[in-house]
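Trainee: I'd like to ask you about the structure that follows.
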Amino acid sequence: MSDQAPSELESQRRRAARNQSLFREVNERIEDLAAASSFSTFICECMDESCDKGVPLTIEEYEHIRARSNSFLVIPGHEVPEVEEVIEASDRFLVVAKSGSGERVAAALDPRKRTVQADADG
Ligand SMILES: [Zn+2]
């Protein structure tokens, strides 16, 4: 089922990366409040804006994911192949990397490397 024009696909990818970057911002706050040695409940960073599923992670696991600007934490089944690629999988969570122009958006919106304001559209 792929009758989308390339530009529409890229637009979808950028939109997904923006939505998921907002969830990532929330998880940064959660981590700030978390104790280092135990599980904390982070939120699924999938592209569904209404998703509020929690994911139990240790700070170490979260830091591992966050080490890359283009990585997002999602619950298994919440990945969307059109906009992202699964790069790691465990029984509790997947790590996805944004595809196409979504990667640029994800990097620009990385809260740990924010130097320029991402242009949101394009
Ligand atoms: Zn989700």
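Each chain of the structure tokens is named A, B, ... in the order shown, its residues numbered from 1; ligands are numbered from 1 in display order.
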Check which residues of chain A sit at most 10 Å from ligand 1 using only C-alpha atoms and all ligand atoms, and return one row each with the closest pair of atoms and their distance in Å to one decimal, ordered by chain and rising number, as CSV.
Mentor:
residue,atom,partner,partner_atom_place_in_ligand_line,distance
A:Gln20,CA,ligand 1,1 (Zn),9.5
A:Phe23,CA,ligand 1,1 (Zn),9.7
A:Ile43,CA,ligand 1,1 (Zn),7.8
A:Cys44,CA,ligand 1,1 (Zn),4.6
A:Glu45,CA,ligand 1,1 (Zn),5.9
A:Cys46,CA,ligand 1,1 (Zn),4.3
A:Met47,CA,ligand 1,1 (Zn),6.9
A:Asp48,CA,ligand 1,1 (Zn),6.0
A:Glu49,CA,ligand 1,1 (Zn),8.2
A:Ser50,CA,ligand 1,1 (Zn),8.1
A:Cys51,CA,ligand 1,1 (Zn),4.7
A:Asp52,CA,ligand 1,1 (Zn),6.6
A:Lys53,CA,ligand 1,1 (Zn),5.9
A:Gly54,CA,ligand 1,1 (Zn),8.4
A:Val55,CA,ligand 1,1 (Zn),9.4
A:Leu73,CA,ligand 1,1 (Zn),8.8
A:Val74,CA,ligand 1,1 (Zn),5.8
A:Ile75,CA,ligand 1,1 (Zn),5.8
A:Pro76,CA,ligand 1,1 (Zn),8.5
A:Gly77,CA,ligand 1,1 (Zn),8.1
A:His78,CA,ligand 1,1 (Zn),5.0
A:Glu79,CA,ligand 1,1 (Zn),7.9
Trainee: Only C-alpha atoms, please: the residues just picked out, written as a PDB file, in the first residue's frame.
Mentor:
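File written: again.pdb
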ATOM      1  CA  GLN A  20       7.952  12.061  18.385  1.00  0.00           C
ATOM      2  CA  PHE A  23       7.406  12.882  23.483  1.00  0.00           C
ATOM      3  CA  ILE A  43       6.453   7.346  27.643  1.00  0.00           C
ATOM      4  CA  CYS A  44       6.150   5.747  24.260  1.00  0.00           C
ATOM      5  CA  GLU A  45       7.634   8.084  21.648  1.00  0.00           C
ATOM      6  CA  CYS A  46       5.575   6.737  18.745  1.00  0.00           C
ATOM      7  CA  MET A  47       3.998   9.035  16.174  1.00  0.00           C
ATOM      8  CA  ASP A  48       0.462   8.603  17.539  1.00  0.00           C
ATOM      9  CA  GLU A  49      -0.220  11.881  19.325  1.00  0.00           C
ATOM     10  CA  SER A  50      -2.865  10.245  21.523  1.00  0.00           C
ATOM     11  CA  CYS A  51      -0.586   7.425  22.695  1.00  0.00           C
ATOM     12  CA  ASP A  52       0.046   7.605  26.428  1.00  0.00           C
ATOM     13  CA  LYS A  53       1.535   4.187  27.025  1.00  0.00           C
ATOM     14  CA  GLY A  54       4.289   3.874  29.566  1.00  0.00           C
ATOM     15  CA  VAL A  55       7.531   1.975  29.093  1.00  0.00           C
ATOM     16  CA  LEU A  73      11.717   4.747  22.148  1.00  0.00           C
ATOM     17  CA  VAL A  74       8.480   2.981  21.151  1.00  0.00           C
ATOM     18  CA  ILE A  75       6.409   0.063  22.395  1.00  0.00           C
ATOM     19  CA  PRO A  76       6.539  -3.034  20.157  1.00  0.00           C
ATOM     20  CA  GLY A  77       3.753  -2.656  17.598  1.00  0.00           C
ATOM     21  CA  HIS A  78       3.848   1.142  17.689  1.00  0.00           C
ATOM     22  CA  GLU A  79       6.545   1.414  15.036  1.00  0.00           C
TER      23      GLU A  79
END
Trainee: What is the distance, in Å and to one decimal place, between atom CA of Ser40 of chain A and atom CA of Pro111 of chain A?
Mentor: 19.6 Å
Trainee: Mind giving me the straight-line distance from atom CA of Ser71 of chain A to atom CA of Lys98 of chain A in Å, one decimal?
Mentor: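 Taking atom CA of Ser71 of chain A and atom CA of Lys98 of chain A, their separation equals 7.2 Å.
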Trainee: Where does DSSP see strand (DSSP E) in chain A, if you list the residues as an MDAnalysis selection string?
Mentor: chainID A and resid 39:43 54:58 71:74 84:89 94:98
Trainee: Could those residues be written to a file, using N, CA and C atoms, as a tab-separated table (two decimals), in the first residue's frame?
Mentor:
chain	number	residue	atom	x	y	z
A	39	PHE	N	13.88	1.17	37.81
A	39	PHE	CA	13.07	1.41	36.63
A	39	PHE	C	12.23	2.67	36.81
A	40	SER	N	12.13	3.42	35.76
A	40	SER	CA	11.20	4.54	35.74
A	40	SER	C	10.28	4.35	34.54
A	41	THR	N	9.12	4.95	34.62
A	41	THR	CA	8.19	4.82	33.51
A	41	THR	C	8.35	5.98	32.55
A	42	PHE	N	8.92	5.70	31.40
A	42	PHE	CA	9.02	6.67	30.34
A	42	PHE	C	7.80	6.52	29.44
A	43	ILE	N	7.62	7.46	28.52
A	43	ILE	CA	6.45	7.35	27.64
A	43	ILE	C	6.86	6.89	26.26
A	54	GLY	N	3.05	3.77	28.84
A	54	GLY	CA	4.29	3.87	29.57
A	54	GLY	C	5.23	2.72	29.24
A	55	VAL	N	6.52	3.00	29.34
A	55	VAL	CA	7.53	1.98	29.09
A	55	VAL	C	8.51	1.97	30.25
A	56	PRO	N	8.64	0.86	31.00
A	56	PRO	CA	9.60	0.83	32.11
A	56	PRO	C	11.03	0.66	31.59
A	57	LEU	N	11.88	1.60	31.96
A	57	LEU	CA	13.28	1.57	31.53
A	57	LEU	C	14.16	1.97	32.70
A	58	THR	N	15.36	1.45	32.71
A	58	THR	CA	16.35	2.00	33.62
A	58	THR	C	16.96	3.24	32.97
A	71	SER	N	17.27	8.51	17.48
A	71	SER	CA	16.66	7.32	18.08
A	71	SER	C	15.44	7.69	18.90
A	72	PHE	N	14.40	6.88	18.77
A	72	PHE	CA	13.19	7.08	19.56
A	72	PHE	C	12.78	5.76	20.18
A	73	LEU	N	12.19	5.88	21.37
A	73	LEU	CA	11.72	4.75	22.15
A	73	LEU	C	10.25	4.49	21.82
A	74	VAL	N	9.89	3.30	21.38
A	74	VAL	CA	8.48	2.98	21.15
A	74	VAL	C	8.16	1.58	21.66
A	84	GLU	N	10.00	5.18	9.86
A	84	GLU	CA	11.11	4.84	10.74
A	84	GLU	C	11.51	3.38	10.56
A	85	GLU	N	12.70	3.09	11.05
A	85	GLU	CA	13.27	1.76	10.93
A	85	GLU	C	13.62	1.27	12.34
A	86	VAL	N	13.27	0.02	12.64
A	86	VAL	CA	13.61	-0.55	13.94
A	86	VAL	C	15.09	-0.90	13.95
A	87	ILE	N	15.84	-0.31	14.89
A	87	ILE	CA	17.27	-0.58	14.96
A	87	ILE	C	17.65	-1.42	16.17
A	88	GLU	N	16.75	-1.48	17.17
A	88	GLU	CA	16.98	-2.36	18.32
A	88	GLU	C	15.64	-2.85	18.82
A	89	ALA	N	15.62	-4.06	19.37
A	89	ALA	CA	14.38	-4.60	19.89
A	89	ALA	C	14.64	-5.38	21.17
A	94	LEU	N	11.11	-1.03	21.59
A	94	LEU	CA	11.90	-0.97	20.37
A	94	LEU	C	12.60	0.39	20.32
A	95	VAL	N	13.71	0.42	19.60
A	95	VAL	CA	14.35	1.69	19.29
A	95	VAL	C	14.22	1.88	17.79
A	96	VAL	N	13.68	3.03	17.38
A	96	VAL	CA	13.50	3.29	15.96
A	96	VAL	C	14.32	4.49	15.54
A	97	ALA	N	14.75	4.50	14.29
A	97	ALA	CA	15.47	5.63	13.71
A	97	ALA	C	14.61	6.22	12.60
A	98	LYS	N	14.53	7.54	12.57
A	98	LYS	CA	13.70	8.20	11.58
A	98	LYS	C	14.30	8.05	10.20
Trainee: Between A:Ala34, A:Gly102, A:Phe93, A:Arg112, which has the minimum distance to Asn19 of chain A (counting only C-alpha atoms)?
Mentor: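 Residue with the minimum atom-to-atom distance to Asn19 of chain A: A:Gly102.
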Trainee: With a distance cut-off of 10 Å and only C-alpha atoms, select the neighbouring residues of Glu82 of chain A, excluding the residue or stretch itself and same-chain residues fewer than 6 positions from it, and output the selection as a list of chain:residue names.
Mentor: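 Listed by chain and then number, they are A:Ser2, A:Leu9, A:Glu10, A:Gln12, A:Arg13, A:Ala16, A:Lys98, A:Ser99, A:Gly100.
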Trainee: Export, as a PDB file, in the first residue's frame, the selected residues with N, CA and C atoms.
Mentor:
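Below is the file that was written, again.pdb:
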ATOM      1  N   SER A   2       1.435   1.535  -1.126  1.00  0.00           N
ATOM      2  CA  SER A   2       2.360   2.655  -1.173  1.00  0.00           C
ATOM      3  C   SER A   2       2.123   3.477  -2.427  1.00  0.00           C
ATOM      4  N   LEU A   9       5.337  11.415   1.316  1.00  0.00           N
ATOM      5  CA  LEU A   9       5.983  10.515   2.256  1.00  0.00           C
ATOM      6  C   LEU A   9       6.976  11.282   3.120  1.00  0.00           C
ATOM      7  N   GLU A  10       7.759  12.147   2.470  1.00  0.00           N
ATOM      8  CA  GLU A  10       8.729  12.924   3.240  1.00  0.00           C
ATOM      9  C   GLU A  10       8.021  13.854   4.221  1.00  0.00           C
ATOM     10  N   GLN A  12       5.175  13.251   5.640  1.00  0.00           N
ATOM     11  CA  GLN A  12       4.728  12.389   6.735  1.00  0.00           C
ATOM     12  C   GLN A  12       5.886  12.076   7.669  1.00  0.00           C
ATOM     13  N   ARG A  13       7.040  11.845   7.076  1.00  0.00           N
ATOM     14  CA  ARG A  13       8.214  11.532   7.901  1.00  0.00           C
ATOM     15  C   ARG A  13       8.602  12.705   8.791  1.00  0.00           C
ATOM     16  N   ALA A  16       6.011  13.043  11.596  1.00  0.00           N
ATOM     17  CA  ALA A  16       6.230  12.001  12.595  1.00  0.00           C
ATOM     18  C   ALA A  16       7.409  12.363  13.488  1.00  0.00           C
ATOM     19  N   LYS A  98      14.526   7.537  12.570  1.00  0.00           N
ATOM     20  CA  LYS A  98      13.701   8.196  11.585  1.00  0.00           C
ATOM     21  C   LYS A  98      14.297   8.054  10.198  1.00  0.00           C
ATOM     22  N   SER A  99      13.401   7.930   9.206  1.00  0.00           N
ATOM     23  CA  SER A  99      13.826   7.752   7.819  1.00  0.00           C
ATOM     24  C   SER A  99      13.739   9.069   7.057  1.00  0.00           C
ATOM     25  N   GLY A 100      14.496   9.142   5.971  1.00  0.00           N
ATOM     26  CA  GLY A 100      14.399  10.268   5.039  1.00  0.00           C
ATOM     27  C   GLY A 100      14.588  11.598   5.731  1.00  0.00           C
TER      28      GLY A 100
END
Trainee: For Glu28 of chain A, which residue out of A:Lys113, A:Ser101, A:Tyr62, A:Ala108 is the nearest one, using only C-alpha atoms?
Mentor: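 Under the stated criterion, the closest residue is A:Tyr62.
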Trainee: I'd like the interatomic distance between atom CA of Ala107 of chain A and atom CA of Val80 of chain A, to a tenth of an Å.
Mentor: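 Interatomic distance here is 18.6 Å.
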Trainee: Write down as a PDB file with N, CA and C atoms, in the first residue's frame the residues of chain A whose backbone DSSP state falls under helix (DSSP H, G or I).
Mentor:
ATOM      1  N   PRO A   6       6.479  10.732  -3.395  1.00  0.00           N
ATOM      2  CA  PRO A   6       7.643  10.857  -2.497  1.00  0.00           C
ATOM      3  C   PRO A   6       7.560  12.069  -1.578  1.00  0.00           C
ATOM      4  N   SER A   7       7.091  13.199  -2.095  1.00  0.00           N
ATOM      5  CA  SER A   7       7.038  14.391  -1.253  1.00  0.00           C
ATOM      6  C   SER A   7       6.043  14.227  -0.117  1.00  0.00           C
ATOM      7  N   GLU A   8       4.935  13.529  -0.368  1.00  0.00           N
ATOM      8  CA  GLU A   8       3.967  13.282   0.694  1.00  0.00           C
ATOM      9  C   GLU A   8       4.571  12.385   1.761  1.00  0.00           C
ATOM     10  N   LEU A   9       5.337  11.415   1.316  1.00  0.00           N
ATOM     11  CA  LEU A   9       5.983  10.515   2.256  1.00  0.00           C
ATOM     12  C   LEU A   9       6.976  11.282   3.120  1.00  0.00           C
ATOM     13  N   GLU A  10       7.759  12.147   2.470  1.00  0.00           N
ATOM     14  CA  GLU A  10       8.729  12.924   3.240  1.00  0.00           C
ATOM     15  C   GLU A  10       8.021  13.854   4.221  1.00  0.00           C
ATOM     16  N   SER A  11       6.902  14.401   3.800  1.00  0.00           N
ATOM     17  CA  SER A  11       6.122  15.250   4.682  1.00  0.00           C
ATOM     18  C   SER A  11       5.627  14.460   5.890  1.00  0.00           C
ATOM     19  N   GLN A  12       5.175  13.251   5.640  1.00  0.00           N
ATOM     20  CA  GLN A  12       4.728  12.389   6.735  1.00  0.00           C
ATOM     21  C   GLN A  12       5.886  12.076   7.669  1.00  0.00           C
ATOM     22  N   ARG A  13       7.040  11.845   7.076  1.00  0.00           N
ATOM     23  CA  ARG A  13       8.214  11.532   7.901  1.00  0.00           C
ATOM     24  C   ARG A  13       8.602  12.705   8.791  1.00  0.00           C
ATOM     25  N   ARG A  14       8.528  13.922   8.240  1.00  0.00           N
ATOM     26  CA  ARG A  14       8.880  15.084   9.050  1.00  0.00           C
ATOM     27  C   ARG A  14       7.857  15.301  10.163  1.00  0.00           C
ATOM     28  N   ARG A  15       6.586  15.107   9.824  1.00  0.00           N
ATOM     29  CA  ARG A  15       5.533  15.277  10.825  1.00  0.00           C
ATOM     30  C   ARG A  15       5.711  14.267  11.958  1.00  0.00           C
ATOM     31  N   ALA A  16       6.011  13.043  11.596  1.00  0.00           N
ATOM     32  CA  ALA A  16       6.230  12.001  12.595  1.00  0.00           C
ATOM     33  C   ALA A  16       7.409  12.363  13.488  1.00  0.00           C
ATOM     34  N   ALA A  17       8.477  12.822  12.899  1.00  0.00           N
ATOM     35  CA  ALA A  17       9.668  13.167  13.681  1.00  0.00           C
ATOM     36  C   ALA A  17       9.384  14.317  14.635  1.00  0.00           C
ATOM     37  N   ARG A  18       8.568  15.271  14.202  1.00  0.00           N
ATOM     38  CA  ARG A  18       8.207  16.387  15.092  1.00  0.00           C
ATOM     39  C   ARG A  18       7.375  15.900  16.263  1.00  0.00           C
ATOM     40  N   ASN A  19       6.344  15.102  15.969  1.00  0.00           N
ATOM     41  CA  ASN A  19       5.500  14.588  17.052  1.00  0.00           C
ATOM     42  C   ASN A  19       6.327  13.791  18.039  1.00  0.00           C
ATOM     43  N   GLN A  20       7.179  12.935  17.524  1.00  0.00           N
ATOM     44  CA  GLN A  20       7.952  12.061  18.385  1.00  0.00           C
ATOM     45  C   GLN A  20       8.989  12.845  19.183  1.00  0.00           C
ATOM     46  N   SER A  21       9.444  13.941  18.647  1.00  0.00           N
ATOM     47  CA  SER A  21      10.391  14.778  19.384  1.00  0.00           C
ATOM     48  C   SER A  21       9.736  15.413  20.604  1.00  0.00           C
ATOM     49  N   LEU A  22       8.434  15.682  20.531  1.00  0.00           N
ATOM     50  CA  LEU A  22       7.728  16.217  21.694  1.00  0.00           C
ATOM     51  C   LEU A  22       7.688  15.184  22.819  1.00  0.00           C
ATOM     52  N   PHE A  23       7.403  13.944  22.467  1.00  0.00           N
ATOM     53  CA  PHE A  23       7.406  12.882  23.483  1.00  0.00           C
ATOM     54  C   PHE A  23       8.799  12.734  24.095  1.00  0.00           C
ATOM     55  N   ARG A  24       9.795  12.892  23.250  1.00  0.00           N
ATOM     56  CA  ARG A  24      11.168  12.786  23.740  1.00  0.00           C
ATOM     57  C   ARG A  24      11.460  13.877  24.767  1.00  0.00           C
ATOM     58  N   GLU A  25      10.937  15.084  24.529  1.00  0.00           N
ATOM     59  CA  GLU A  25      11.106  16.163  25.504  1.00  0.00           C
ATOM     60  C   GLU A  25      10.526  15.771  26.861  1.00  0.00           C
ATOM     61  N   VAL A  26       9.339  15.134  26.836  1.00  0.00           N
ATOM     62  CA  VAL A  26       8.712  14.716  28.091  1.00  0.00           C
ATOM     63  C   VAL A  26       9.598  13.705  28.804  1.00  0.00           C
ATOM     64  N   ASN A  27      10.148  12.778  28.062  1.00  0.00           N
ATOM     65  CA  ASN A  27      10.990  11.763  28.688  1.00  0.00           C
ATOM     66  C   ASN A  27      12.265  12.348  29.283  1.00  0.00           C
ATOM     67  N   GLU A  28      12.756  13.410  28.675  1.00  0.00           N
ATOM     68  CA  GLU A  28      13.909  14.080  29.276  1.00  0.00           C
ATOM     69  C   GLU A  28      13.568  14.588  30.681  1.00  0.00           C
ATOM     70  N   ARG A  29      12.332  15.107  30.842  1.00  0.00           N
ATOM     71  CA  ARG A  29      11.884  15.577  32.160  1.00  0.00           C
ATOM     72  C   ARG A  29      11.739  14.397  33.126  1.00  0.00           C
ATOM     73  N   ILE A  30      11.180  13.314  32.624  1.00  0.00           N
ATOM     74  CA  ILE A  30      11.007  12.129  33.467  1.00  0.00           C
ATOM     75  C   ILE A  30      12.362  11.658  33.969  1.00  0.00           C
ATOM     76  N   GLU A  31      13.335  11.658  33.083  1.00  0.00           N
ATOM     77  CA  GLU A  31      14.655  11.208  33.495  1.00  0.00           C
ATOM     78  C   GLU A  31      15.247  12.119  34.569  1.00  0.00           C
ATOM     79  N   ASP A  32      15.021  13.411  34.426  1.00  0.00           N
ATOM     80  CA  ASP A  32      15.537  14.359  35.423  1.00  0.00           C
ATOM     81  C   ASP A  32      15.071  14.007  36.832  1.00  0.00           C
ATOM     82  N   LEU A  33      13.861  13.475  36.918  1.00  0.00           N
ATOM     83  CA  LEU A  33      13.257  13.188  38.210  1.00  0.00           C
ATOM     84  C   LEU A  33      13.518  11.772  38.700  1.00  0.00           C
ATOM     85  N   ILE A  59      17.574   4.073  33.797  1.00  0.00           N
ATOM     86  CA  ILE A  59      18.237   5.252  33.253  1.00  0.00           C
ATOM     87  C   ILE A  59      19.321   4.847  32.255  1.00  0.00           C
ATOM     88  N   GLU A  60      19.981   3.764  32.557  1.00  0.00           N
ATOM     89  CA  GLU A  60      21.030   3.283  31.658  1.00  0.00           C
ATOM     90  C   GLU A  60      20.471   2.958  30.268  1.00  0.00           C
ATOM     91  N   GLU A  61      19.319   2.271  30.255  1.00  0.00           N
ATOM     92  CA  GLU A  61      18.692   1.947  28.970  1.00  0.00           C
ATOM     93  C   GLU A  61      18.259   3.211  28.238  1.00  0.00           C
ATOM     94  N   TYR A  62      17.698   4.129  29.005  1.00  0.00           N
ATOM     95  CA  TYR A  62      17.248   5.371  28.389  1.00  0.00           C
ATOM     96  C   TYR A  62      18.429   6.160  27.817  1.00  0.00           C
ATOM     97  N   GLU A  63      19.504   6.216  28.568  1.00  0.00           N
ATOM     98  CA  GLU A  63      20.688   6.936  28.100  1.00  0.00           C
ATOM     99  C   GLU A  63      21.275   6.291  26.838  1.00  0.00           C
ATOM    100  N   HIS A  64      21.198   4.992  26.791  1.00  0.00           N
ATOM    101  CA  HIS A  64      21.679   4.280  25.611  1.00  0.00           C
ATOM    102  C   HIS A  64      20.893   4.706  24.373  1.00  0.00           C
ATOM    103  N   ILE A  65      19.579   4.808  24.534  1.00  0.00           N
ATOM    104  CA  ILE A  65      18.740   5.236  23.412  1.00  0.00           C
ATOM    105  C   ILE A  65      19.041   6.681  23.051  1.00  0.00           C
ATOM    106  N   ARG A  66      19.161   7.507  24.088  1.00  0.00           N
ATOM    107  CA  ARG A  66      19.309   8.933  23.869  1.00  0.00           C
ATOM    108  C   ARG A  66      20.683   9.327  23.346  1.00  0.00           C
ATOM    109  N   GLY A 102      12.863  12.899   7.899  1.00  0.00           N
ATOM    110  CA  GLY A 102      12.546  12.857   9.323  1.00  0.00           C
ATOM    111  C   GLY A 102      13.807  12.843  10.163  1.00  0.00           C
ATOM    112  N   GLU A 103      14.878  12.289   9.632  1.00  0.00           N
ATOM    113  CA  GLU A 103      16.131  12.225  10.383  1.00  0.00           C
ATOM    114  C   GLU A 103      16.667  13.624  10.678  1.00  0.00           C
ATOM    115  N   ARG A 104      16.548  14.518   9.703  1.00  0.00           N
ATOM    116  CA  ARG A 104      17.024  15.886   9.882  1.00  0.00           C
ATOM    117  C   ARG A 104      16.203  16.594  10.958  1.00  0.00           C
ATOM    118  N   VAL A 105      14.886  16.359  10.926  1.00  0.00           N
ATOM    119  CA  VAL A 105      14.009  16.985  11.922  1.00  0.00           C
ATOM    120  C   VAL A 105      14.353  16.468  13.320  1.00  0.00           C
ATOM    121  N   ALA A 106      14.551  15.154  13.425  1.00  0.00           N
ATOM    122  CA  ALA A 106      14.861  14.553  14.721  1.00  0.00           C
ATOM    123  C   ALA A 106      16.172  15.112  15.277  1.00  0.00           C
ATOM    124  N   ALA A 107      17.152  15.265  14.418  1.00  0.00           N
ATOM    125  CA  ALA A 107      18.441  15.783  14.863  1.00  0.00           C
ATOM    126  C   ALA A 107      18.313  17.241  15.289  1.00  0.00           C
ATOM    127  N   ALA A 108      17.547  18.010  14.523  1.00  0.00           N
ATOM    128  CA  ALA A 108      17.392  19.430  14.821  1.00  0.00           C
ATOM    129  C   ALA A 108      16.646  19.642  16.135  1.00  0.00           C
TER     130      ALA A 108
END
